[in-house]
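Undergrad: The structure file query05.tsv (TSV, C-alpha atoms) is provided below.
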```tsv
chain	number	residue	atom	x	y	z
A	27	MET	CA	69.91	-103.37	-85.88
A	28	LYS	CA	66.76	-104.68	-84.25
A	29	ALA	CA	63.90	-102.20	-84.47
A	30	LYS	CA	62.73	-100.88	-81.13
A	31	ALA	CA	59.12	-99.98	-80.45
A	32	ARG	CA	60.03	-96.49	-79.17
A	33	GLU	CA	62.01	-95.75	-82.30
A	34	ILE	CA	59.08	-96.77	-84.52
A	35	ALA	CA	56.61	-94.80	-82.38
A	36	ASP	CA	58.71	-91.65	-82.76
A	37	SER	CA	59.24	-92.01	-86.51
A	38	PRO	CA	57.46	-89.53	-88.84
A	39	LEU	CA	53.94	-90.07	-90.13
A	40	GLU	CA	53.01	-87.48	-92.73
A	41	TRP	CA	49.24	-87.44	-92.32
A	42	LEU	CA	49.53	-86.50	-88.63
A	43	ASP	CA	50.62	-82.98	-89.63
A	44	GLY	CA	47.03	-82.09	-90.49
A	45	THR	CA	47.83	-80.70	-93.93
A	46	GLY	CA	45.68	-81.13	-97.00
A	47	GLU	CA	42.24	-79.87	-97.95
A	48	TYR	CA	39.41	-80.40	-95.43
A	49	SER	CA	41.90	-81.81	-92.90
A	50	ASP	CA	39.59	-80.81	-90.05
A	51	ILE	CA	37.13	-83.50	-91.22
A	52	ILE	CA	39.16	-85.78	-93.52
A	53	LEU	CA	42.11	-87.05	-91.50
A	54	SER	CA	43.83	-89.01	-94.27
A	55	SER	CA	43.66	-90.26	-97.84
A	56	ARG	CA	45.00	-93.71	-98.66
A	57	VAL	CA	45.53	-95.62	-101.89
A	58	ARG	CA	46.49	-99.30	-101.74
A	59	LEU	CA	47.59	-101.51	-104.64
A	60	ALA	CA	47.38	-105.31	-104.43
A	61	ARG	CA	49.86	-107.28	-106.57
A	62	ASN	CA	50.98	-110.91	-106.88
A	63	LEU	CA	53.92	-112.57	-108.58
A	64	LYS	CA	53.29	-114.67	-111.64
A	65	GLY	CA	53.90	-118.38	-111.17
A	66	HIS	CA	53.61	-118.30	-107.37
A	67	ALA	CA	50.74	-119.50	-105.20
A	68	PHE	CA	48.87	-116.87	-103.22
A	69	PRO	CA	50.29	-116.42	-99.69
A	70	TRP	CA	47.43	-118.23	-97.97
A	71	ARG	CA	48.29	-121.47	-99.78
A	72	ALA	CA	52.01	-121.05	-100.42
A	73	GLY	CA	54.59	-123.03	-98.46
A	74	LYS	CA	57.54	-121.73	-96.47
A	75	GLU	CA	60.07	-121.84	-99.33
A	76	GLU	CA	57.75	-120.13	-101.78
A	77	LEU	CA	56.87	-117.36	-99.32
A	78	GLU	CA	60.54	-116.76	-98.56
A	79	SER	CA	61.34	-116.74	-102.28
A	80	CYS	CA	58.69	-114.08	-102.93
A	81	ALA	CA	59.99	-112.00	-100.01
A	82	GLU	CA	63.55	-112.19	-101.30
A	83	LYS	CA	62.49	-111.08	-104.78
A	84	VAL	CA	60.61	-108.08	-103.39
A	85	GLY	CA	63.46	-107.24	-101.02
A	86	SER	CA	66.02	-107.34	-103.82
A	87	ILE	CA	64.10	-104.74	-105.82
A	88	ILE	CA	63.72	-102.48	-102.78
A	89	ARG	CA	67.42	-102.72	-101.96
A	90	SER	CA	68.58	-102.10	-105.53
A	91	GLU	CA	66.32	-99.30	-106.78
A	92	ASP	CA	67.41	-95.74	-105.97
A	93	PHE	CA	63.83	-94.67	-105.35
A	94	LEU	CA	63.20	-97.47	-102.84
A	95	ARG	CA	66.64	-97.97	-101.27
A	96	SER	CA	65.92	-95.61	-98.37
A	97	PHE	CA	62.91	-97.67	-97.26
A	98	ARG	CA	63.32	-99.46	-93.96
A	99	LEU	CA	62.78	-103.23	-94.16
A	100	PHE	CA	61.09	-105.09	-91.31
A	101	GLU	CA	60.99	-108.86	-90.91
A	102	ILE	CA	57.76	-109.37	-89.00
A	103	ASP	CA	58.91	-112.40	-86.99
A	104	ALA	CA	62.00	-110.46	-85.86
A	105	LEU	CA	59.89	-107.67	-84.34
A	106	GLU	CA	58.90	-107.66	-80.70
A	107	PRO	CA	55.11	-107.70	-80.12
A	108	LEU	CA	55.11	-104.09	-78.96
A	109	ALA	CA	56.82	-102.90	-82.15
A	110	LYS	CA	54.20	-104.74	-84.20
A	111	GLY	CA	51.49	-103.07	-82.16
A	112	VAL	CA	52.92	-99.63	-82.90
A	113	LEU	CA	53.05	-100.37	-86.64
A	114	ILE	CA	49.41	-101.48	-86.55
A	115	GLU	CA	48.32	-98.35	-84.69
A	116	LYS	CA	50.13	-96.28	-87.30
A	117	HIS	CA	48.25	-98.18	-90.04
A	118	LEU	CA	51.59	-99.16	-91.63
A	119	ILE	CA	50.88	-102.89	-91.33
A	120	SER	CA	47.69	-104.86	-90.83
A	121	PRO	CA	46.79	-107.07	-87.84
A	122	ALA	CA	46.84	-110.03	-90.26
A	123	LEU	CA	50.45	-109.35	-91.29
A	124	ALA	CA	51.46	-108.84	-87.65
A	125	LYS	CA	50.64	-112.50	-86.96
A	126	GLY	CA	53.87	-113.27	-88.79
A	127	GLY	CA	55.12	-116.40	-90.48
A	128	PRO	CA	57.66	-117.26	-93.19
A	129	GLY	CA	58.44	-114.45	-95.60
A	130	ARG	CA	56.19	-111.90	-93.90
A	131	GLY	CA	57.68	-108.43	-94.00
A	132	ALA	CA	57.15	-104.74	-94.56
A	133	ALA	CA	59.06	-101.76	-95.94
A	134	VAL	CA	58.37	-98.19	-94.81
A	135	ASP	CA	59.69	-94.94	-96.24
A	136	SER	CA	61.39	-92.31	-94.08
A	137	ARG	CA	58.49	-89.84	-94.19
A	138	GLY	CA	55.80	-92.29	-93.13
A	139	ILE	CA	53.87	-91.95	-96.39
A	140	VAL	CA	54.45	-95.31	-98.08
A	141	SER	CA	54.47	-98.84	-96.71
A	142	ILE	CA	54.83	-102.08	-98.63
A	143	MET	CA	53.44	-105.22	-96.99
A	144	VAL	CA	54.93	-108.49	-98.20
A	145	ASN	CA	53.06	-111.81	-98.13
A	146	GLU	CA	49.98	-110.57	-96.33
A	147	GLU	CA	46.79	-111.48	-98.25
A	148	ASP	CA	48.72	-110.83	-101.47
A	149	HIS	CA	52.44	-111.03	-102.23
A	150	ILE	CA	52.67	-107.23	-102.37
A	151	ARG	CA	50.45	-104.52	-100.97
A	152	ILE	CA	51.62	-100.98	-101.61
A	153	GLN	CA	49.93	-98.17	-99.74
A	154	ALA	CA	50.40	-94.41	-99.72
A	155	ILE	CA	48.76	-92.29	-96.99
A	156	LEU	CA	48.59	-88.48	-96.99
A	157	GLY	CA	46.80	-85.98	-94.77
A	158	GLY	CA	43.50	-84.38	-95.76
A	159	MET	CA	41.69	-84.82	-99.08
A	160	ARG	CA	44.61	-85.88	-101.30
A	161	LEU	CA	43.55	-89.16	-102.89
A	162	HIS	CA	44.83	-88.25	-106.36
A	163	GLU	CA	48.28	-87.43	-104.98
A	164	ALA	CA	48.32	-90.63	-102.91
A	165	SER	CA	47.43	-92.58	-106.06
A	166	ARG	CA	50.31	-90.97	-107.96
A	167	ILE	CA	52.77	-91.91	-105.20
A	168	ALA	CA	51.52	-95.50	-104.94
A	169	ARG	CA	51.85	-95.98	-108.70
A	170	GLN	CA	55.33	-94.46	-108.63
A	171	VAL	CA	56.37	-97.07	-106.05
A	172	ASP	CA	54.68	-99.78	-108.09
A	173	GLY	CA	56.79	-98.96	-111.16
A	174	PRO	CA	60.11	-100.60	-110.15
A	175	LEU	CA	58.31	-103.61	-108.64
A	176	GLU	CA	56.64	-104.37	-111.97
A	177	ALA	CA	59.97	-105.93	-112.98
A	178	LEU	CA	58.98	-108.90	-110.80
A	179	ASP	CA	56.40	-109.93	-113.45
A	180	TYR	CA	52.98	-109.57	-111.90
A	181	ALA	CA	50.15	-112.06	-112.25
A	182	PHE	CA	48.01	-110.25	-114.84
A	183	ASP	CA	45.21	-111.29	-117.17
A	184	SER	CA	44.44	-109.23	-120.26
A	185	ARG	CA	40.70	-109.51	-119.61
A	186	CYS	CA	40.47	-109.48	-115.81
A	187	GLY	CA	43.46	-107.31	-114.88
A	188	TYR	CA	45.65	-107.94	-111.83
A	189	LEU	CA	44.95	-111.30	-110.20
A	190	THR	CA	44.53	-111.17	-106.43
A	191	SER	CA	43.83	-113.49	-103.53
A	192	CYS	CA	40.45	-111.88	-102.85
A	193	PRO	CA	38.11	-111.72	-105.89
A	194	THR	CA	36.91	-108.21	-104.98
A	195	ASN	CA	40.44	-106.89	-105.62
A	196	VAL	CA	40.75	-108.43	-109.10
A	197	GLY	CA	41.03	-105.75	-111.78
A	198	THR	CA	43.02	-102.65	-110.96
A	199	GLY	CA	43.87	-104.05	-107.52
A	200	LEU	CA	43.34	-100.51	-106.22
A	201	ARG	CA	41.55	-99.52	-103.03
A	202	ALA	CA	41.10	-95.82	-102.40
A	203	SER	CA	39.92	-94.78	-98.96
A	204	VAL	CA	39.57	-91.76	-96.72
A	205	MET	CA	39.53	-91.67	-92.93
A	206	ILE	CA	36.78	-89.21	-92.12
A	207	HIS	CA	35.40	-87.69	-88.91
A	208	LEU	CA	31.58	-87.47	-88.93
A	209	PRO	CA	30.38	-86.72	-85.38
A	210	ALA	CA	27.36	-84.59	-86.31
A	211	LEU	CA	26.01	-87.13	-88.81
A	212	THR	CA	26.59	-89.86	-86.23
A	213	HIS	CA	24.78	-87.84	-83.55
A	214	LEU	CA	21.79	-87.33	-85.88
A	215	GLY	CA	21.63	-91.08	-86.60
A	216	ARG	CA	22.26	-90.69	-90.34
A	217	MET	CA	25.27	-92.98	-90.74
A	218	GLY	CA	23.25	-96.14	-91.33
A	219	LYS	CA	21.38	-94.56	-94.23
A	220	LEU	CA	24.55	-93.00	-95.62
A	221	ALA	CA	26.43	-96.33	-95.42
A	222	PHE	CA	23.56	-98.02	-97.26
A	223	GLY	CA	23.64	-95.33	-99.94
A	224	CYS	CA	27.40	-95.74	-100.34
A	225	GLY	CA	26.93	-99.49	-100.77
A	226	LYS	CA	24.48	-98.94	-103.64
A	227	VAL	CA	27.15	-97.10	-105.63
A	228	GLY	CA	29.97	-99.57	-104.95
A	229	LEU	CA	31.47	-97.98	-101.86
A	230	THR	CA	31.78	-99.29	-98.31
A	231	VAL	CA	31.91	-97.59	-94.90
A	232	ARG	CA	33.99	-99.25	-92.17
A	233	GLY	CA	35.43	-98.49	-88.76
A	234	LEU	CA	38.77	-96.98	-87.77
A	235	PHE	CA	40.80	-100.19	-88.31
A	236	GLY	CA	38.97	-101.41	-91.41
A	237	GLU	CA	36.81	-104.44	-91.99
A	238	GLY	CA	35.15	-105.85	-88.90
A	239	SER	CA	35.96	-102.86	-86.67
A	240	ASP	CA	33.53	-100.35	-85.18
A	241	SER	CA	33.69	-96.56	-85.27
A	242	PRO	CA	34.68	-95.09	-81.90
A	243	GLY	CA	35.01	-91.33	-82.01
A	244	ALA	CA	32.84	-91.15	-85.15
A	245	LEU	CA	35.84	-92.08	-87.32
A	246	TYR	CA	35.05	-93.99	-90.51
A	247	GLN	CA	36.86	-95.35	-93.55
A	248	VAL	CA	35.10	-94.87	-96.88
A	249	SER	CA	36.47	-96.90	-99.79
A	250	ASN	CA	35.57	-98.62	-103.05
A	251	GLN	CA	34.19	-102.18	-102.75
A	252	VAL	CA	35.45	-103.64	-106.04
A	253	THR	CA	38.25	-102.76	-108.43
A	254	LEU	CA	37.06	-104.40	-111.66
A	255	GLY	CA	35.32	-102.52	-114.46
A	256	GLN	CA	36.72	-99.05	-113.80
A	257	THR	CA	40.11	-97.45	-114.27
A	258	GLU	CA	42.33	-96.45	-111.37
A	259	ASP	CA	41.59	-92.77	-111.96
A	260	GLU	CA	37.84	-93.42	-112.06
A	261	LEU	CA	37.94	-95.29	-108.76
A	262	VAL	CA	39.95	-92.55	-107.07
A	263	GLU	CA	37.59	-89.89	-108.38
A	264	LYS	CA	34.56	-91.90	-107.22
A	265	VAL	CA	35.81	-92.12	-103.64
A	266	SER	CA	36.94	-88.48	-103.71
A	267	SER	CA	33.50	-87.31	-104.81
A	268	ALA	CA	31.78	-89.37	-102.14
A	269	ALA	CA	34.12	-88.06	-99.44
A	270	LEU	CA	33.55	-84.45	-100.45
A	271	GLY	CA	29.81	-85.10	-100.39
A	272	LEU	CA	30.10	-86.41	-96.83
A	273	VAL	CA	32.14	-83.37	-95.82
A	274	LYS	CA	29.36	-81.06	-97.01
A	275	GLN	CA	26.70	-83.13	-95.24
A	276	GLU	CA	28.74	-83.14	-92.03
A	277	GLN	CA	29.16	-79.36	-92.20
A	278	ALA	CA	25.42	-78.92	-92.74
A	279	ALA	CA	24.64	-81.31	-89.88
A	280	ARG	CA	26.88	-79.33	-87.52
A	281	GLY	CA	25.06	-76.15	-88.48
A	282	LYS	CA	21.70	-77.81	-87.89
A	283	ILE	CA	22.69	-79.04	-84.43
A	284	LEU	CA	24.13	-75.64	-83.52
A	285	SER	CA	21.02	-73.74	-84.62
A	286	GLY	CA	18.57	-76.21	-83.07
A	287	LYS	CA	20.32	-77.29	-79.88
A	288	GLY	CA	23.23	-74.90	-79.60
A	289	ILE	CA	23.36	-74.76	-75.82
A	290	ASP	CA	23.25	-78.56	-75.57
A	291	LEU	CA	26.09	-78.88	-78.08
A	292	GLU	CA	28.17	-76.27	-76.28
A	293	ASP	CA	27.61	-78.01	-72.97
A	294	LYS	CA	28.60	-81.38	-74.45
A	295	VAL	CA	31.85	-80.23	-76.05
A	296	TRP	CA	32.85	-78.15	-73.02
A	297	ARG	CA	32.26	-81.16	-70.77
A	298	ALA	CA	34.49	-83.20	-73.08
A	299	TRP	CA	37.15	-80.47	-72.89
A	300	ALA	CA	36.98	-80.49	-69.10
A	301	LEU	CA	37.22	-84.27	-68.83
A	302	LEU	CA	40.24	-84.41	-71.14
A	303	GLY	CA	41.88	-81.47	-69.41
A	304	PHE	CA	41.38	-82.54	-65.81
A	305	SER	CA	40.78	-86.30	-65.55
A	306	ARG	CA	43.43	-88.46	-63.91
A	307	VAL	CA	42.53	-91.77	-65.57
A	308	MET	CA	41.18	-92.32	-69.08
A	309	GLU	CA	40.33	-95.48	-71.02
A	310	ALA	CA	41.21	-95.62	-74.72
A	311	ARG	CA	37.67	-95.71	-76.08
A	312	GLU	CA	36.51	-92.88	-73.83
A	313	ALA	CA	39.50	-90.80	-74.98
A	314	LEU	CA	38.53	-91.32	-78.64
A	315	GLU	CA	34.93	-90.30	-77.97
A	316	LEU	CA	35.94	-87.18	-76.05
A	317	LEU	CA	38.60	-86.21	-78.60
A	318	SER	CA	35.91	-86.48	-81.27
A	319	LEU	CA	33.76	-83.92	-79.45
A	320	VAL	CA	36.70	-81.58	-78.83
A	321	ARG	CA	37.81	-81.83	-82.46
A	322	MET	CA	34.31	-80.85	-83.58
A	323	GLY	CA	33.96	-78.11	-80.97
A	324	SER	CA	37.35	-76.65	-81.86
A	325	GLY	CA	36.57	-76.71	-85.57
A	326	MET	CA	33.22	-74.97	-85.01
A	327	GLY	CA	34.77	-72.21	-82.89
A	328	ILE	CA	32.96	-73.24	-79.70
A	329	LEU	CA	36.14	-74.31	-77.91
A	330	PRO	CA	39.64	-72.80	-77.92
A	331	TYR	CA	41.33	-73.62	-81.21
A	332	VAL	CA	43.49	-76.74	-81.19
A	333	ARG	CA	45.68	-77.46	-84.20
A	334	VAL	CA	44.48	-80.32	-86.38
A	335	GLY	CA	47.98	-81.79	-86.15
A	336	THR	CA	47.73	-81.87	-82.36
A	337	MET	CA	44.37	-83.66	-82.51
A	338	ASN	CA	45.71	-86.17	-85.03
A	339	ALA	CA	48.80	-86.90	-82.94
A	340	LEU	CA	46.66	-87.54	-79.86
A	341	LEU	CA	44.78	-90.27	-81.72
A	342	LEU	CA	48.04	-92.23	-81.84
A	343	ASP	CA	49.80	-91.03	-78.71
A	344	THR	CA	46.91	-92.21	-76.51
A	345	GLN	CA	46.77	-95.73	-77.93
A	346	LYS	CA	48.10	-98.62	-75.88
A	347	ALA	CA	51.20	-99.60	-77.87
A	348	HIS	CA	52.37	-96.00	-78.32
A	349	ILE	CA	52.03	-95.27	-74.60
A	350	GLN	CA	53.86	-98.47	-73.62
A	351	ALA	CA	56.60	-97.92	-76.23
A	352	ARG	CA	57.47	-94.56	-74.67
A	353	ALA	CA	57.34	-95.78	-71.07
A	354	THR	CA	60.45	-96.70	-69.08
A	355	GLY	CA	58.93	-99.93	-67.77
A	356	GLU	CA	56.00	-102.28	-68.12
A	357	LEU	CA	52.72	-100.47	-67.44
A	358	SER	CA	49.71	-102.01	-65.76
A	359	VAL	CA	46.17	-101.35	-67.03
A	360	GLU	CA	45.82	-98.68	-64.35
A	361	ASP	CA	49.18	-97.13	-65.27
A	362	LEU	CA	48.15	-96.97	-68.95
A	363	ALA	CA	44.92	-95.16	-68.09
A	364	ALA	CA	46.78	-92.68	-65.88
A	365	LYS	CA	49.50	-92.05	-68.48
A	366	ARG	CA	46.90	-91.58	-71.22
A	367	SER	CA	45.17	-88.97	-69.12
A	368	ALA	CA	48.46	-87.17	-68.45
A	369	ILE	CA	49.23	-87.04	-72.19
A	370	LEU	CA	45.83	-85.50	-72.88
A	371	ARG	CA	46.12	-82.94	-70.10
A	372	GLU	CA	49.56	-81.83	-71.23
A	373	ALA	CA	48.56	-81.52	-74.89
A	374	LEU	CA	45.47	-79.42	-74.20
A	375	ALA	CA	47.23	-77.20	-71.67
A	376	SER	CA	50.40	-76.59	-73.71
A	377	GLY	CA	51.25	-74.05	-76.37
A	378	GLU	CA	50.40	-76.66	-79.02
A	379	LYS	CA	47.08	-74.85	-79.32
A	380	GLY	CA	47.19	-72.44	-82.21
A	381	SER	CA	45.81	-68.97	-82.48
```
Now, as a test, write the supplied structure out as structure tokens.
TA:
Amino acid sequence: MKAKAREIADSPLEWLDGTGEYSDIILSSRVRLARNLKGHAFPWRAGKEELESCAEKVGSIIRSEDFLRSFRLFEIDALEPLAKGVLIEKHLISPALAKGGPGRGAAVDSRGIVSIMVNEEDHIRIQAILGGMRLHEASRIARQVDGPLEALDYAFDSRCGYLTSCPTNVGTGLRASVMIHLPALTHLGRMGKLAFGCGKVGLTVRGLFGEGSDSPGALYQVSNQVTLGQTEDELVEKVSSAALGLVKQEQAARGKILSGKGIDLEDKVWRAWALLGFSRVMEAREALELLSLVRMGSGMGILPYVRVGTMNALLLDTQKAHIQARATGELSVEDLAAKRSAILREALASGEKGS
């Protein structure tokens, strides 16, 4: 049956629940493994037949293994543009994979934790995403999924490790990352210095949608830059330690702002609350910025408490593809802005707020 955008939009996504340690600041933990099949050209230089052959080999493992059989398989070229947009917004596929082409596909588990991208930059990219600070658990899940796929005979060198399309992924092929909310550090102008410091120890700080994106709403991705020279566990621990360090700095920065300019901070977050709660039109970027302030204000006890899960869900529910997927007809730019505002008003006014 052809996948519908609404169906994908309404499917579970585990990290939205707001569980996991430090989930008020760390939205999600992700571990991604890059793998390629021995004897096959990398996707960027492989022809149609070779790409389709790789996709069939991966698909056969997924369909035959008990652990993977429940995964839903998507052929990218068979998806409508809106469905692809929803998958991108959910971070289950990349914009590059969404462009489609021969043999491009994805497999997603029923809980919205694991996705497997086929013939993106590499033949296989396995990712596991969990809520809060749970990188070690995400790593365990990703490696569990990797186990059955190893039967495909990966391209591996005894000295260099896993061979990948991008040289920075050669080695373990592992990227560990956290999506982290740092509004106070952003407000104090410290993110440039912190990003530079992360770079000196082999980490990188990127925007919400990864490389090349900016950071609306003070949302950042912190991940390792290279995968060679350290074990998988060492890389995961390195990113975990850095993320926890940023959490502590963010908490201290919030305290500093509150003690030094408390009335200004209160005014700013209450204004954000009012705009989200009463506006009739809202652009996507403005919504992210205001949600960032409300998330911080709620977490600091300035505003009424809003569940972390509610705040997480609004990050997706107010994005363009999700709004359109749940609409009964085609929405204009003005309609999208009005619907986004209605979603925000309803969420903040409803009983979704905890006690």
Undergrad: Which of these, A:Ala310, A:Ala132, A:Leu329, A:Ile87, has the shortest distance to Trp296 (chain A) once you count all atoms listed in the file?
TA: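 Among A:Ala310, A:Ala132, A:Leu329, A:Ile87, it is A:Leu329 that comes nearest to Trp296 (chain A).
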Undergrad: Please measure the separation of CA of Arg98 (chain A) and CA of Gln153 (chain A), giving the value in Å to one decimal.
TA: 14.6 Å
Undergrad: Enumerate, as number ranges by chain, the protein, DNA and RNA residues whose atoms approach (28.3, -86.2, -87.4) to within 9 Å, taking into account only C-alpha atoms and the coordinate frame of the file.
TA: A: 207-217, 244, 275-277, 279-280, 322
Undergrad: For the atom pair CA of Ile52 (chain A) and CA of Glu312 (chain A), what is the interatomic distance in Å to one decimal place?
TA: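 Atom-to-atom, CA of Ile52 (chain A) and CA of Glu312 (chain A) are spaced 21.1 Å apart.
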Undergrad: Please report the interatomic distance between CA of His149 (chain A) and CA of Gly65 (chain A) in Å with one decimal.
TA: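 Computing the Euclidean distance for CA of His149 (chain A) and CA of Gly65 (chain A) yields 11.7 Å.
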Undergrad: Edge lengths and centre in Å to one decimal, as JSON, is what I'm after for the box along x, y and z that holds all listed atoms of region 346-352 of chain A once 4 Å is added on each side.
TA:
```
{"center_x": 52.8, "center_y": -97.1, "center_z": -76.0, "size_x": 17.4, "size_y": 13.0, "size_z": 12.7}
```
Undergrad: Return the single residue from A:Val231, A:Val262, A:Ala31, A:Val140 that is closest to Val112 (chain A), with distances computed using only C-alpha atoms.
TA: A:Ala31
Undergrad: Got a sec: who's within 12 Å of Leu99 (chain A), counting only C-alpha atoms, leaving out chain neighbours fewer than 2 positions off, as a compact mmCIF listing (two decimals) with C-alpha atoms, in the coordinates of the input?
TA:
```txt
# COMPACT_ATOMS: atom_id res chain seq x y z
CA MET A 27 69.91 -103.37 -85.88
CA LYS A 28 66.76 -104.68 -84.25
CA ALA A 29 63.90 -102.20 -84.47
CA ALA A 81 59.99 -112.00 -100.01
CA GLU A 82 63.55 -112.19 -101.30
CA VAL A 84 60.61 -108.08 -103.39
CA GLY A 85 63.46 -107.24 -101.02
CA SER A 86 66.02 -107.34 -103.82
CA ILE A 87 64.10 -104.74 -105.82
CA ILE A 88 63.72 -102.48 -102.78
CA ARG A 89 67.42 -102.72 -101.96
CA LEU A 94 63.20 -97.47 -102.84
CA ARG A 95 66.64 -97.97 -101.27
CA SER A 96 65.92 -95.61 -98.37
CA PHE A 97 62.91 -97.67 -97.26
CA GLU A 101 60.99 -108.86 -90.91
CA ILE A 102 57.76 -109.37 -89.00
CA ALA A 104 62.00 -110.46 -85.86
CA LEU A 105 59.89 -107.67 -84.34
CA ARG A 130 56.19 -111.90 -93.90
CA GLY A 131 57.68 -108.43 -94.00
CA ALA A 132 57.15 -104.74 -94.56
CA ALA A 133 59.06 -101.76 -95.94
CA VAL A 134 58.37 -98.19 -94.81
CA ASP A 135 59.69 -94.94 -96.24
CA SER A 136 61.39 -92.31 -94.08
CA SER A 141 54.47 -98.84 -96.71
CA ILE A 142 54.83 -102.08 -98.63
CA MET A 143 53.44 -105.22 -96.99
CA VAL A 144 54.93 -108.49 -98.20
```
Undergrad: Smallest atom-to-atom distance to Gly303 (chain A): which of A:Thr230, A:Thr198, A:Met326, A:Ile369, using all atoms listed in the file?
TA: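 Ranked by minimum distance to Gly303 (chain A), first place goes to A:Ile369.
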Undergrad: Between A:Asn145, A:Ser318, A:Ser285, A:Ser120, which has the minimum distance to Gly243 (chain A) (counting all atoms listed in the file)?
TA: A:Ser318
Undergrad: Could you check which of A:Val57, A:Val334, A:Leu302, A:Met205 is closest to Glu163 (chain A), using all atoms listed in the file?
TA: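 Among A:Val57, A:Val334, A:Leu302, A:Met205, it is A:Val57 that comes nearest to Glu163 (chain A).
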Undergrad: For a quick check of understanding, using only C-alpha atoms, which of A:Met337, A:Leu63, A:Leu357, A:Ile152 has the smallest distance to Ile167 (chain A)?
TA: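 Ranked by minimum distance to Ile167 (chain A), first place goes to A:Ile152.
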Undergrad: If you count only C-alpha atoms, which residues fall within 10 Å of Glu360 (chain A), apart from same-chain ones fewer than 3 positions away, as a VMD selection string?
TA: chain A and resid 307 to 309 357 363 to 366
Undergrad: Around the point (43.7, -79.1, -83.9) in the file's coordinates, collect all residues with an atom within 10 Å, using only C-alpha atoms, and return them as a list in words.
TA: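 I get Asp43, Gly44, Ser49, Asp50, Val320, Arg321, Met322, Ser324, Gly325, Pro330, Tyr331, Val332, Arg333, Val334, Gly335, Thr336, Met337, Asn338, Ala339, Leu340, Leu374, Glu378, Lys379 and Gly380 of chain A for the residues within 10 Å of that point.
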